[in-house]
Amino acid sequence: MLYWTEMPFTTIRPQRQPVGPGRERRPRRRRTIIIAAILVLLLAAILYYVGTHRAANDQSSMTLTPPASSKTKEQQSVTSANGVGDKVASDDNFNKKQYSNDDPASLWVIVNKRRPLQPKDYAPQVAAPNVPLRLGASNPEMMVSTKMVPALESMFAAAKKDGIELMVASGYRPYSLQVSVYGSEVKAYGQAEADRESARPGFSEHQTGLAVDLEPVSRQCEVQDCFGDTPEGKWVTEHAHEYGFILRYTPTGEPTTGYRHETWHFRYVGTELSKEIYRLNNPPLETFFGLPAAPDYQ
Ligand SMILES: [Zn+2]
């Protein structure tokens with residue numbers, strides 16, 4: 001602002017330097033005052049113009065602000081938190097129908113003890129991600145759905161930047177592999193316990209290629225509860241949703257999902273859903289989509 005008020009005076013002043021005797025001072029001073037007044041008026045006019053112009057801009061940008069329906073999730077959660085009787089703070093604008101829950105190739109497919117894959121021997125398109133793998137890259141179990149590969153690689157890279165070295169313990173499990181995994185679980189622990197820990201063939205989320213079991217490169221707490229307490233486990237618990245993953249089997253989810261808490265099992269659903277699930281404090285997918293609980297095989 002100083003620039004605007006001072007510049008006219010400094011440029012004009014030299015022309016008004018008194019050259020004659022002192023008697024000329026008074027008219028000159030008056031002239032100076034008049035000119036100064038004119039300049040002040042001019043300046044005021046300019047400022048007024050700029051002010052109204054900017055206000056007009058603000059108004060047009062205000063009309064461009066998104067309507068209530070596209071408020072950010074944070075804004076909505078605040079609104080919901082203050083809303084009466086809106087205890088779940090669910091986002092009414094979240095389109096839960098965007099992807100199928102039934103199509104085995106869908107990002108949002110829900111597989112559980114009452115929702116087998118259809119067909120039961122469904123096989124997705126899979127590839128080995130370029131990350132540390134527990135077994136050789138040609139082993140199908142080290143592969144994941146091609147839909148998940150870029151997200152998994154990004155997440156591993158981000159973890160590494162934080163000094164966290166993750167490894168894939170288990171990814172895609174073909175129908176035939178699930179037959180043998182489940183079979184050996186039943187042999188070792190009996191059917192009831194096997195059903196709690198492992199899925200029957202055709203009922204495993206791993207068969208979609210969208211589930212992955214993670215572990216530290218050190219293999220500490222491999223597929224054990226204590227993975228959640230390792231630095232790697234803590235990191236993924238905190239950051240997986242940023243890359244499209246959710247903790248699928250939570251401590252409170254067993255009556256709904258039919259599986260006990262699995263700190264290592266992550267499901268890829270894409271960031272849109274993973275961030276929403278995380279924001280809602282990890283409800284089971286069944287709860288989020290309003291599907292029946294699946295505590296057992298019926
Ligand atoms: Zn798993």
# chains A, B, ... in the order shown; residues from 1 in each chain; ligands from 1
call {"tool": "residues_around", "arguments": {"residues": "region 131-141 of chain A", "least_positions_apart": "6", "cutoff": "8 Å", "atoms": "only C-alpha atoms", "output": "short mmCIF file (atom, residue, chain, number, x, y, z; two decimals) with C-alpha atoms, in the first residue's frame"}}
result
data_model
loop_
_atom_site.label_atom_id
_atom_site.label_comp_id
_atom_site.auth_asym_id
_atom_site.auth_seq_id
_atom_site.Cartn_x
_atom_site.Cartn_y
_atom_site.Cartn_z
CA GLU A 153 4.23 -51.91 -4.07
CA PHE A 156 5.89 -51.36 0.83
CA LEU A 166 7.52 -55.75 5.10
CA MET A 167 7.22 -59.08 3.36
CA VAL A 168 4.37 -60.98 1.73
CA ALA A 169 3.69 -64.08 3.79
CA SER A 170 0.77 -65.25 1.68
CA GLY A 171 -1.27 -63.79 -1.12
CA TYR A 172 -3.35 -65.62 -3.69
CA ARG A 173 -4.48 -69.09 -2.77
CA PRO A 174 -5.93 -71.06 -5.64
CA VAL A 217 11.22 -59.43 6.56
#
call {"tool": "closest_atom_pairs", "arguments": {"of": "region 134-245 of chain A", "to": "region 291-298 of chain A", "cutoff": "12 Å", "atoms": "only C-alpha atoms", "output": "tab-separated table"}}
result
residue	atom	partner	partner_atom	distance
A:Gln191	CA	A:Tyr297	CA	11.6
A:Ala192	CA	A:Asp296	CA	9.7
A:Glu193	CA	A:Asp296	CA	11.6
A:Ala194	CA	A:Asp296	CA	11.7
A:Asp195	CA	A:Asp296	CA	8.0
A:Arg196	CA	A:Asp296	CA	8.6
A:Glu197	CA	A:Asp296	CA	11.8
A:Ser198	CA	A:Asp296	CA	11.9
A:Ala199	CA	A:Tyr297	CA	10.0
A:Arg200	CA	A:Tyr297	CA	9.3
A:Gly202	CA	A:Tyr297	CA	12.0
A:Phe203	CA	A:Tyr297	CA	9.5
call {"tool": "residues_near_ligand", "arguments": {"ligand": "ligand 1", "cutoff": "7 Å", "atoms": "only C-alpha atoms and all ligand atoms", "output": "compact mmCIF listing (two decimals) with N, CA and C atoms, in the first residue's frame"}}
result
# COMPACT_ATOMS: atom_id res chain seq x y z
N SER A 170 1.69 -64.45 2.48
CA SER A 170 0.77 -65.25 1.68
C SER A 170 -0.19 -64.33 0.94
N HIS A 206 -8.62 -65.20 0.26
CA HIS A 206 -7.33 -65.31 -0.45
C HIS A 206 -7.51 -65.78 -1.89
N ALA A 211 -6.60 -60.51 -0.99
CA ALA A 211 -6.19 -60.59 0.41
C ALA A 211 -4.69 -60.89 0.48
N VAL A 212 -4.05 -60.33 1.49
CA VAL A 212 -2.62 -60.58 1.64
C VAL A 212 -2.27 -60.65 3.13
N ASP A 213 -1.47 -61.65 3.47
CA ASP A 213 -0.95 -61.75 4.83
C ASP A 213 0.44 -61.15 4.83
N TRP A 264 -2.44 -59.78 10.76
CA TRP A 264 -1.59 -59.83 9.57
C TRP A 264 -2.36 -59.84 8.26
N HIS A 265 -3.67 -60.06 8.35
CA HIS A 265 -4.48 -60.26 7.13
C HIS A 265 -5.10 -58.94 6.67
N PHE A 266 -4.67 -58.50 5.50
CA PHE A 266 -5.19 -57.25 4.94
C PHE A 266 -5.91 -57.52 3.63
call {"tool": "residues_around", "arguments": {"residues": "region 281-286 of chain A", "least_positions_apart": "4", "cutoff": "12 Å", "atoms": "only C-alpha atoms", "output": "ChimeraX atom specification"}}
result
/A:88-90,96,101,108-115,237-238,240-241,245-261,266-269,273-277,290-295
call {"tool": "write_last_selection", "arguments": {"atoms": "N, CA and C atoms", "output": "tab-separated table (two decimals), in the first residue's frame"}}
result
chain	number	residue	atom	x	y	z
A	88	VAL	N	-23.45	-43.48	14.25
A	88	VAL	CA	-22.42	-44.20	13.49
A	88	VAL	C	-21.58	-43.24	12.65
A	89	ALA	N	-22.08	-42.01	12.47
A	89	ALA	CA	-21.39	-41.01	11.67
A	89	ALA	C	-21.11	-41.54	10.28
A	90	SER	N	-22.03	-42.34	9.76
A	90	SER	CA	-21.79	-42.89	8.43
A	90	SER	C	-22.03	-41.82	7.38
A	96	LYS	N	-22.34	-46.93	-1.83
A	96	LYS	CA	-22.02	-48.33	-1.50
A	96	LYS	C	-22.33	-49.28	-2.64
A	101	ASN	N	-20.79	-56.55	-4.59
A	101	ASN	CA	-20.30	-57.36	-3.47
A	101	ASN	C	-20.33	-58.85	-3.82
A	108	TRP	N	-14.89	-54.88	-4.41
A	108	TRP	CA	-15.63	-54.91	-3.15
A	108	TRP	C	-16.35	-56.25	-2.92
A	109	VAL	N	-15.88	-57.31	-3.55
A	109	VAL	CA	-16.52	-58.61	-3.34
A	109	VAL	C	-16.40	-59.00	-1.86
A	110	ILE	N	-17.46	-59.58	-1.34
A	110	ILE	CA	-17.42	-60.03	0.06
A	110	ILE	C	-17.59	-61.54	0.09
A	111	VAL	N	-16.53	-62.15	0.60
A	111	VAL	CA	-16.49	-63.60	0.70
A	111	VAL	C	-16.43	-63.94	2.17
A	112	ASN	N	-17.32	-64.79	2.60
A	112	ASN	CA	-17.27	-65.26	3.99
A	112	ASN	C	-17.90	-66.64	4.07
A	113	LYS	N	-18.14	-67.12	5.29
A	113	LYS	CA	-18.61	-68.49	5.46
A	113	LYS	C	-20.02	-68.72	4.91
A	114	ARG	N	-20.72	-67.64	4.60
A	114	ARG	CA	-22.06	-67.79	3.99
A	114	ARG	C	-22.11	-67.19	2.58
A	115	ARG	N	-20.97	-66.73	2.15
A	115	ARG	CA	-20.91	-66.16	0.80
A	115	ARG	C	-19.71	-66.75	0.05
A	237	THR	N	-1.02	-51.30	10.52
A	237	THR	CA	-2.30	-50.99	11.18
A	237	THR	C	-2.63	-49.51	11.01
A	238	GLU	N	-1.59	-48.71	11.08
A	238	GLU	CA	-1.79	-47.26	11.01
A	238	GLU	C	-1.89	-46.72	9.59
A	240	ALA	N	-2.12	-48.78	6.39
A	240	ALA	CA	-2.63	-49.59	5.27
A	240	ALA	C	-3.78	-48.90	4.53
A	241	HIS	N	-4.64	-48.22	5.28
A	241	HIS	CA	-5.82	-47.60	4.64
A	241	HIS	C	-5.42	-46.52	3.64
A	245	PHE	N	-5.95	-50.60	1.69
A	245	PHE	CA	-6.09	-51.87	2.43
A	245	PHE	C	-6.85	-51.65	3.74
A	246	ILE	N	-7.58	-52.69	4.14
A	246	ILE	CA	-8.23	-52.66	5.45
A	246	ILE	C	-7.83	-53.90	6.25
A	247	LEU	N	-7.87	-53.74	7.57
A	247	LEU	CA	-7.70	-54.88	8.46
A	247	LEU	C	-9.03	-55.63	8.40
A	248	ARG	N	-9.02	-56.81	7.81
A	248	ARG	CA	-10.29	-57.48	7.52
A	248	ARG	C	-10.91	-58.14	8.75
A	249	TYR	N	-10.06	-58.72	9.59
A	249	TYR	CA	-10.57	-59.44	10.76
A	249	TYR	C	-10.10	-58.75	12.03
A	250	THR	N	-10.99	-57.98	12.60
A	250	THR	CA	-10.66	-57.11	13.74
A	250	THR	C	-10.96	-57.81	15.07
A	251	PRO	N	-10.50	-57.22	16.18
A	251	PRO	CA	-10.73	-57.84	17.49
A	251	PRO	C	-12.20	-58.04	17.82
A	252	THR	N	-13.06	-57.13	17.33
A	252	THR	CA	-14.48	-57.23	17.68
A	252	THR	C	-15.32	-57.84	16.56
A	253	GLY	N	-14.66	-58.21	15.47
A	253	GLY	CA	-15.42	-58.62	14.29
A	253	GLY	C	-15.84	-60.07	14.22
A	254	GLU	N	-15.31	-60.92	15.11
A	254	GLU	CA	-15.52	-62.37	14.95
A	254	GLU	C	-16.99	-62.80	14.83
A	255	PRO	N	-17.92	-62.25	15.63
A	255	PRO	CA	-19.32	-62.68	15.48
A	255	PRO	C	-19.88	-62.38	14.08
A	256	THR	N	-19.29	-61.40	13.42
A	256	THR	CA	-19.78	-61.02	12.09
A	256	THR	C	-19.02	-61.72	10.98
A	257	THR	N	-17.69	-61.77	11.11
A	257	THR	CA	-16.87	-62.31	10.03
A	257	THR	C	-16.65	-63.81	10.15
A	258	GLY	N	-16.78	-64.32	11.38
A	258	GLY	CA	-16.54	-65.74	11.59
A	258	GLY	C	-15.06	-66.07	11.77
A	259	TYR	N	-14.23	-65.03	11.79
A	259	TYR	CA	-12.79	-65.26	12.00
A	259	TYR	C	-12.30	-64.42	13.17
A	260	ARG	N	-11.40	-65.03	13.91
A	260	ARG	CA	-10.82	-64.27	15.02
A	260	ARG	C	-9.91	-63.19	14.47
A	261	HIS	N	-9.51	-62.31	15.35
A	261	HIS	CA	-8.65	-61.18	14.98
A	261	HIS	C	-7.38	-61.68	14.28
A	266	PHE	N	-4.67	-58.50	5.50
A	266	PHE	CA	-5.19	-57.25	4.94
A	266	PHE	C	-5.91	-57.52	3.63
A	267	ARG	N	-6.94	-56.76	3.43
A	267	ARG	CA	-7.78	-56.92	2.25
A	267	ARG	C	-7.70	-55.64	1.44
A	268	TYR	N	-7.46	-55.80	0.15
A	268	TYR	CA	-7.42	-54.64	-0.74
A	268	TYR	C	-8.83	-54.31	-1.23
A	269	VAL	N	-9.25	-53.08	-1.01
A	269	VAL	CA	-10.59	-52.63	-1.45
A	269	VAL	C	-10.52	-51.32	-2.22
A	273	LEU	N	-12.84	-46.84	-0.33
A	273	LEU	CA	-13.50	-47.61	0.73
A	273	LEU	C	-12.59	-47.79	1.95
A	274	SER	N	-11.30	-48.01	1.72
A	274	SER	CA	-10.42	-48.26	2.88
A	274	SER	C	-10.38	-47.06	3.81
A	275	LYS	N	-10.38	-45.86	3.25
A	275	LYS	CA	-10.34	-44.66	4.09
A	275	LYS	C	-11.64	-44.48	4.86
A	276	GLU	N	-12.73	-44.84	4.21
A	276	GLU	CA	-14.03	-44.73	4.87
A	276	GLU	C	-14.15	-45.76	6.01
A	277	ILE	N	-13.70	-46.98	5.73
A	277	ILE	CA	-13.74	-48.03	6.76
A	277	ILE	C	-12.85	-47.64	7.95
A	290	GLY	N	-24.20	-53.74	5.13
A	290	GLY	CA	-25.52	-54.19	5.56
A	290	GLY	C	-25.83	-55.63	5.18
A	291	LEU	N	-24.80	-56.46	5.13
A	291	LEU	CA	-24.99	-57.88	4.79
A	291	LEU	C	-25.08	-58.70	6.07
A	292	PRO	N	-25.73	-59.87	5.99
A	292	PRO	CA	-25.87	-60.69	7.20
A	292	PRO	C	-24.51	-61.14	7.75
A	293	ALA	N	-24.47	-61.31	9.07
A	293	ALA	CA	-23.26	-61.83	9.70
A	293	ALA	C	-23.03	-63.27	9.23
A	294	ALA	N	-21.78	-63.69	9.27
A	294	ALA	CA	-21.46	-65.04	8.81
A	294	ALA	C	-20.56	-65.74	9.82
A	295	PRO	N	-21.13	-65.99	11.02
A	295	PRO	CA	-20.27	-66.58	12.07
A	295	PRO	C	-19.85	-68.01	11.78
call {"tool": "select_by_dssp", "arguments": {"residues": "region 196-241 of chain A", "states": "alpha helix (DSSP H)", "output": "MDAnalysis selection string"}}
result
chainID A and resid 196:197 231:239
call {"tool": "write_last_selection", "arguments": {"atoms": "N, CA and C atoms", "output": "PDB file, in the first residue's frame"}}
result
ATOM      1  N   ARG A 196     -12.273 -71.882  12.266  1.00  0.00           N
ATOM      2  CA  ARG A 196     -12.055 -70.596  12.913  1.00  0.00           C
ATOM      3  C   ARG A 196     -10.816 -69.891  12.351  1.00  0.00           C
ATOM      4  N   GLU A 197      -9.889 -70.702  11.876  1.00  0.00           N
ATOM      5  CA  GLU A 197      -8.597 -70.169  11.458  1.00  0.00           C
ATOM      6  C   GLU A 197      -8.439 -70.127   9.945  1.00  0.00           C
ATOM      7  N   PRO A 231       6.971 -53.484  15.110  1.00  0.00           N
ATOM      8  CA  PRO A 231       6.953 -52.181  14.423  1.00  0.00           C
ATOM      9  C   PRO A 231       6.274 -52.280  13.058  1.00  0.00           C
ATOM     10  N   GLU A 232       6.471 -53.419  12.372  1.00  0.00           N
ATOM     11  CA  GLU A 232       5.860 -53.620  11.055  1.00  0.00           C
ATOM     12  C   GLU A 232       4.339 -53.707  11.182  1.00  0.00           C
ATOM     13  N   GLY A 233       3.901 -54.453  12.187  1.00  0.00           N
ATOM     14  CA  GLY A 233       2.464 -54.606  12.413  1.00  0.00           C
ATOM     15  C   GLY A 233       1.808 -53.276  12.773  1.00  0.00           C
ATOM     16  N   LYS A 234       2.502 -52.518  13.604  1.00  0.00           N
ATOM     17  CA  LYS A 234       1.958 -51.209  13.994  1.00  0.00           C
ATOM     18  C   LYS A 234       1.885 -50.284  12.792  1.00  0.00           C
ATOM     19  N   TRP A 235       2.912 -50.360  11.961  1.00  0.00           N
ATOM     20  CA  TRP A 235       2.946 -49.464  10.789  1.00  0.00           C
ATOM     21  C   TRP A 235       1.778 -49.765   9.852  1.00  0.00           C
ATOM     22  N   VAL A 236       1.564 -51.026   9.547  1.00  0.00           N
ATOM     23  CA  VAL A 236       0.472 -51.344   8.605  1.00  0.00           C
ATOM     24  C   VAL A 236      -0.902 -51.060   9.223  1.00  0.00           C
ATOM     25  N   THR A 237      -1.017 -51.297  10.521  1.00  0.00           N
ATOM     26  CA  THR A 237      -2.296 -50.993  11.177  1.00  0.00           C
ATOM     27  C   THR A 237      -2.632 -49.515  11.010  1.00  0.00           C
ATOM     28  N   GLU A 238      -1.588 -48.708  11.080  1.00  0.00           N
ATOM     29  CA  GLU A 238      -1.785 -47.256  11.012  1.00  0.00           C
ATOM     30  C   GLU A 238      -1.891 -46.720   9.586  1.00  0.00           C
ATOM     31  N   HIS A 239      -1.180 -47.363   8.643  1.00  0.00           N
ATOM     32  CA  HIS A 239      -1.061 -46.764   7.306  1.00  0.00           C
ATOM     33  C   HIS A 239      -1.727 -47.528   6.166  1.00  0.00           C
TER      34      HIS A 239
END
call {"tool": "atom_distance", "arguments": {"atom1": "CA of Gln118 (chain A)", "atom2": "CA of Pro201 (chain A)"}}
result
11.7 Å
call {"tool": "decode", "arguments": {"residues": "region 96-218 of chain A", "atoms": "C-alpha atoms", "output": "mmCIF file, in the first residue's frame"}}
result
data_model
loop_
_atom_site.group_PDB
_atom_site.id
_atom_site.type_symbol
_atom_site.label_atom_id
_atom_site.label_comp_id
_atom_site.auth_asym_id
_atom_site.auth_seq_id
_atom_site.Cartn_x
_atom_site.Cartn_y
_atom_site.Cartn_z
ATOM 1 C CA LYS A 96 -22.025 -48.325 -1.498
ATOM 2 C CA LYS A 97 -23.375 -49.630 -4.787
ATOM 3 C CA GLN A 98 -20.387 -48.472 -6.803
ATOM 4 C CA TYR A 99 -18.978 -51.990 -7.071
ATOM 5 C CA SER A 100 -20.581 -55.386 -6.722
ATOM 6 C CA ASN A 101 -20.302 -57.356 -3.472
ATOM 7 C CA ASP A 102 -21.086 -60.575 -5.354
ATOM 8 C CA ASP A 103 -18.909 -60.574 -8.465
ATOM 9 C CA PRO A 104 -15.675 -62.393 -7.506
ATOM 10 C CA ALA A 105 -13.711 -60.018 -9.744
ATOM 11 C CA SER A 106 -15.134 -56.930 -7.982
ATOM 12 C CA LEU A 107 -12.921 -54.772 -5.786
ATOM 13 C CA TRP A 108 -15.633 -54.913 -3.147
ATOM 14 C CA VAL A 109 -16.522 -58.608 -3.343
ATOM 15 C CA ILE A 110 -17.424 -60.033 0.057
ATOM 16 C CA VAL A 111 -16.487 -63.604 0.697
ATOM 17 C CA ASN A 112 -17.271 -65.262 3.989
ATOM 18 C CA LYS A 113 -18.610 -68.491 5.460
ATOM 19 C CA ARG A 114 -22.058 -67.789 3.993
ATOM 20 C CA ARG A 115 -20.906 -66.155 0.800
ATOM 21 C CA PRO A 116 -18.744 -68.603 -1.172
ATOM 22 C CA LEU A 117 -17.020 -67.522 -4.341
ATOM 23 C CA GLN A 118 -19.180 -68.095 -7.393
ATOM 24 C CA PRO A 119 -17.985 -70.140 -9.130
ATOM 25 C CA LYS A 120 -16.269 -71.868 -6.214
ATOM 26 C CA ASP A 121 -13.137 -72.471 -8.239
ATOM 27 C CA TYR A 122 -12.933 -68.865 -9.463
ATOM 28 C CA ALA A 123 -9.405 -67.802 -10.434
ATOM 29 C CA PRO A 124 -8.443 -64.122 -10.723
ATOM 30 C CA GLN A 125 -5.717 -62.496 -12.809
ATOM 31 C CA VAL A 126 -2.670 -62.480 -10.576
ATOM 32 C CA ALA A 127 0.967 -61.362 -10.686
ATOM 33 C CA ALA A 128 3.909 -61.325 -8.307
ATOM 34 C CA PRO A 129 4.469 -57.852 -6.833
ATOM 35 C CA ASN A 130 7.976 -56.450 -6.830
ATOM 36 C CA VAL A 131 8.402 -56.616 -3.044
ATOM 37 C CA PRO A 132 10.049 -59.017 -0.589
ATOM 38 C CA LEU A 133 8.310 -62.396 -0.817
ATOM 39 C CA ARG A 134 8.425 -65.315 1.597
ATOM 40 C CA LEU A 135 8.649 -67.796 -1.283
ATOM 41 C CA GLY A 136 9.767 -67.648 -4.905
ATOM 42 C CA ALA A 137 7.981 -65.187 -7.193
ATOM 43 C CA SER A 138 6.705 -68.033 -9.377
ATOM 44 C CA ASN A 139 4.780 -69.541 -6.482
ATOM 45 C CA PRO A 140 1.082 -68.643 -6.917
ATOM 46 C CA GLU A 141 0.821 -67.940 -3.188
ATOM 47 C CA MET A 142 3.268 -65.046 -3.628
ATOM 48 C CA MET A 143 1.045 -63.495 -6.256
ATOM 49 C CA VAL A 144 -1.858 -61.130 -5.754
ATOM 50 C CA SER A 145 -4.615 -59.741 -7.953
ATOM 51 C CA THR A 146 -3.185 -57.465 -10.639
ATOM 52 C CA LYS A 147 -5.590 -54.860 -9.238
ATOM 53 C CA MET A 148 -3.665 -54.878 -5.976
ATOM 54 C CA VAL A 149 -0.080 -54.964 -7.279
ATOM 55 C CA PRO A 150 0.593 -51.184 -7.660
ATOM 56 C CA ALA A 151 -0.981 -50.361 -4.289
ATOM 57 C CA LEU A 152 0.974 -53.077 -2.517
ATOM 58 C CA GLU A 153 4.230 -51.914 -4.065
ATOM 59 C CA SER A 154 3.488 -48.300 -3.076
ATOM 60 C CA MET A 155 2.706 -49.313 0.484
ATOM 61 C CA PHE A 156 5.891 -51.359 0.825
ATOM 62 C CA ALA A 157 7.941 -48.475 -0.588
ATOM 63 C CA ALA A 158 6.374 -46.018 1.854
ATOM 64 C CA ALA A 159 7.010 -48.395 4.752
ATOM 65 C CA LYS A 160 10.618 -48.766 3.713
ATOM 66 C CA LYS A 161 11.035 -44.990 3.790
ATOM 67 C CA ASP A 162 9.905 -45.177 7.416
ATOM 68 C CA GLY A 163 12.456 -47.919 8.116
ATOM 69 C CA ILE A 164 9.819 -50.682 8.028
ATOM 70 C CA GLU A 165 10.596 -53.752 5.921
ATOM 71 C CA LEU A 166 7.516 -55.748 5.098
ATOM 72 C CA MET A 167 7.219 -59.080 3.357
ATOM 73 C CA VAL A 168 4.366 -60.975 1.731
ATOM 74 C CA ALA A 169 3.694 -64.082 3.789
ATOM 75 C CA SER A 170 0.770 -65.253 1.684
ATOM 76 C CA GLY A 171 -1.265 -63.789 -1.122
ATOM 77 C CA TYR A 172 -3.346 -65.620 -3.685
ATOM 78 C CA ARG A 173 -4.481 -69.089 -2.770
ATOM 79 C CA PRO A 174 -5.934 -71.060 -5.643
ATOM 80 C CA TYR A 175 -8.865 -73.334 -4.941
ATOM 81 C CA SER A 176 -6.593 -76.387 -5.088
ATOM 82 C CA LEU A 177 -4.198 -74.900 -2.515
ATOM 83 C CA GLN A 178 -7.074 -74.073 -0.176
ATOM 84 C CA VAL A 179 -8.172 -77.698 -0.428
ATOM 85 C CA SER A 180 -4.825 -78.815 0.974
ATOM 86 C CA VAL A 181 -4.425 -75.946 3.512
ATOM 87 C CA TYR A 182 -7.873 -76.526 4.983
ATOM 88 C CA GLY A 183 -7.412 -80.283 4.859
ATOM 89 C CA SER A 184 -4.219 -80.163 6.888
ATOM 90 C CA GLU A 185 -5.763 -77.720 9.405
ATOM 91 C CA VAL A 186 -8.645 -80.097 9.972
ATOM 92 C CA LYS A 187 -6.207 -82.964 10.389
ATOM 93 C CA ALA A 188 -4.131 -81.035 12.907
ATOM 94 C CA TYR A 189 -6.790 -79.204 14.977
ATOM 95 C CA GLY A 190 -10.159 -80.708 14.125
ATOM 96 C CA GLN A 191 -12.848 -79.151 11.969
ATOM 97 C CA ALA A 192 -14.200 -76.639 14.514
ATOM 98 C CA GLU A 193 -10.819 -75.048 15.125
ATOM 99 C CA ALA A 194 -9.877 -75.292 11.453
ATOM 100 C CA ASP A 195 -13.033 -73.359 10.535
ATOM 101 C CA ARG A 196 -12.055 -70.596 12.913
ATOM 102 C CA GLU A 197 -8.597 -70.169 11.458
ATOM 103 C CA SER A 198 -8.840 -71.238 7.859
ATOM 104 C CA ALA A 199 -11.465 -71.095 5.142
ATOM 105 C CA ARG A 200 -13.017 -74.011 3.385
ATOM 106 C CA PRO A 201 -12.146 -74.208 -0.296
ATOM 107 C CA GLY A 202 -14.268 -71.755 -2.251
ATOM 108 C CA PHE A 203 -14.874 -69.604 0.826
ATOM 109 C CA SER A 204 -11.464 -67.965 1.198
ATOM 110 C CA GLU A 205 -10.840 -64.300 0.609
ATOM 111 C CA HIS A 206 -7.331 -65.308 -0.446
ATOM 112 C CA GLN A 207 -8.842 -67.004 -3.485
ATOM 113 C CA THR A 208 -9.960 -63.600 -4.810
ATOM 114 C CA GLY A 209 -6.334 -62.432 -4.972
ATOM 115 C CA LEU A 210 -7.424 -59.378 -2.981
ATOM 116 C CA ALA A 211 -6.186 -60.588 0.414
ATOM 117 C CA VAL A 212 -2.618 -60.581 1.642
ATOM 118 C CA ASP A 213 -0.948 -61.747 4.833
ATOM 119 C CA LEU A 214 1.950 -59.515 5.804
ATOM 120 C CA GLU A 215 4.948 -60.099 8.000
ATOM 121 C CA PRO A 216 8.294 -58.473 8.784
ATOM 122 C CA VAL A 217 11.215 -59.430 6.555
ATOM 123 C CA SER A 218 12.667 -60.946 9.743
#
